[in-house]
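K.L.:
Provided herewith is a single structure, encoded as structure tokens, for subsequent inquiry.
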Amino acid sequence: MPDTVPIRFSTSVSLMFREIPILERFDAARRAGFEAVEIQVIEESDPDQMAAAARAAGIDVLLLNVSLGDFRTGGPALSGVPGREPAFRDAVAQALDAAATLGARLLHLGPSRVADQPREACLAAYRSNLRYAVERAAGYPVHLVIEPLNTVESPDILLSSLDLAAEIIGEIGGGIGIQYDLYHATLNGQDLIETYRHHRRLIRHVQFADAPGRHEPGTGAVDFAATFAALIREGYRGFAGAEYFPSRATADTLGWLPPLRTLVAS
């Protein structure tokens, strides 16, 4: 008989539970049945206060993003922008300190857009910045990850290909893994399982939202039961991070969670 699903579910307290203040979302996430939380927008609160809120709630902080800079307002951000290397380095240092405070095990180095400079120059800056991050993170108990995004919503995104992500990691010589977001992969037209199978040795974390729409499972076209069962079958044993925009109050969108927590790989 197959084993009960080993996938554990985390949730973004930056995108979800926004009906309540940030420091109350940690307890709300635990009470909803999540085993860990992710923080995509570190500037939303003080790391010490968030760490205290997580401890009081009895929930782990799994993942933290390096500051996104101006990415959320349509700007090119930090990680792959020639001339913004000092700002990226400062953001990495701040995020590493915050990750230590919060006990986060994963640190996402952040996306970037191609703005007013050649794509190859942006990729060169990105590679250099990732090398710096690997060196700077030495000695910290945290795994660095990069995440390809979709070109439907962000045609000018610098990193959209898992193949390119793997190539860059190989050039750097390791020290970084891939954050595999099923939502972005779906919009990019990728086969979710074949893509995972091809890159599984580098994938450190999986995130998800239904597509299209980026709402909760059941609002789009992704068969999450089949997808997660296949990921289990392929050997994935990490967390799956719910990173969606709830279509209504977050607690009212969680009907998908109980059945997926008891899923088996057949």
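In the structure tokens, the first chain shown is A, the next is B, and so on; residue numbers restart at 1 for each chain, and ligands run from 1 in the order shown.
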Among the residues of range 20-164 of chain A, find those DSSP assigns to helix (DSSP H, G or I) from the backbone and print them as a PyMOL selection string.
P.N.:
chain A and resi 22-32+42-44+47-57+71-73+85-102+119-136+162-164
K.L.:
Within 9 Å of Asn150 in chain A, counting only C-alpha atoms, which residues qualify if same-chain residues fewer than 5 places away don't, as a PyMOL selection string?
P.N.:
chain A and resi 155+157+159-161+183-188
K.L.:
Return as a PyMOL selection string the full set of residues in range 84-171 of chain A whose backbone-based DSSP assignment is strand (DSSP E or B).
P.N.:
chain A and resi 106-108+112-113+143-146+157
K.L.:
Could those residues be written to a file, using C-alpha atoms, as a PDB file, in the first residue's frame?
P.N.:
ATOM      1  CA  LEU A 106      15.223  28.923   2.569  1.00  0.00           C
ATOM      2  CA  LEU A 107      16.210  32.325   1.185  1.00  0.00           C
ATOM      3  CA  HIS A 108      14.843  33.337  -2.207  1.00  0.00           C
ATOM      4  CA  SER A 112      14.400  40.857 -11.765  1.00  0.00           C
ATOM      5  CA  ARG A 113      13.099  42.468 -14.947  1.00  0.00           C
ATOM      6  CA  HIS A 143      19.602  27.279   1.454  1.00  0.00           C
ATOM      7  CA  LEU A 144      19.570  29.851  -1.344  1.00  0.00           C
ATOM      8  CA  VAL A 145      17.004  29.481  -4.136  1.00  0.00           C
ATOM      9  CA  ILE A 146      16.092  31.222  -7.389  1.00  0.00           C
ATOM     10  CA  ILE A 157      11.144  38.941 -16.647  1.00  0.00           C
TER      11      ILE A 157
END
K.L.:
Between A:Asp156, A:Asp116, A:Glu85, A:Glu35, which is the closest to Ala133 in chain A once you count only C-alpha atoms?
P.N.:
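Of A:Asp156, A:Asp116, A:Glu85, A:Glu35, the one nearest Ala133 in chain A, counting only C-alpha atoms, is A:Glu85.
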K.L.:
Find the residues near Ala53 in chain A: any atom within 9 Å, counting only C-alpha atoms, skip ones fewer than 5 places away on the same chain, and give them as a ChimeraX atom specification.
P.N.:
/A:23-27,48,58-59
K.L.:
For Tyr244 in chain A, which of A:Pro259, A:Phe228, A:Glu171, A:Val13 is the closest residue, counting only C-alpha atoms?
P.N.:
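Comparing A:Pro259, A:Phe228, A:Glu171, A:Val13 against Tyr244 in chain A, the winner is A:Val13.
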K.L.:
Neighbours of Tyr132 in chain A within 8 Å (only C-alpha atoms; same-chain residues fewer than 4 positions away dropped), as a list of chain:residue names?
P.N.:
A:Arg89, A:Ser128, A:Arg136
K.L.:
For those residues, write C-alpha atoms to a file as a PDB file, in the first residue's frame.
P.N.:
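Resulting contents of part.pdb:
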ATOM      1  CA  ARG A  89      24.370  43.195  -1.593  1.00  0.00           C
ATOM      2  CA  SER A 128      27.673  38.052 -10.428  1.00  0.00           C
ATOM      3  CA  ARG A 136      28.026  35.892   1.661  1.00  0.00           C
TER       4      ARG A 136
END
K.L.:
Report the distance between CA of Arg8 in chain A and CA of Ala251 in chain A in Å, rounded to one decimal place.
P.N.:
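Interatomic distance here is 18.1 Å.
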K.L.:
Nearest to Leu63 in chain A among A:Gly80, A:Pro246, A:Gly213, A:Gly241, with distances taken over only C-alpha atoms: which residue is it?
P.N.:
A:Gly241
K.L.:
Applying 8 Å and only C-alpha atoms, which residues near Pro6 in chain A remain after dropping the ones on its own chain fewer than 4 positions away? List them as a PyMOL selection string.
P.N.:
chain A and resi 232+237-238
K.L.:
May I have the residues within 8 Å of Phe208 in chain A as JSON, numbers by chain, using only C-alpha atoms and disregarding those fewer than 2 positions away in the same chain?
P.N.:
{"A": [181, 182, 183, 206, 210, 240, 241, 242, 243, 244]}
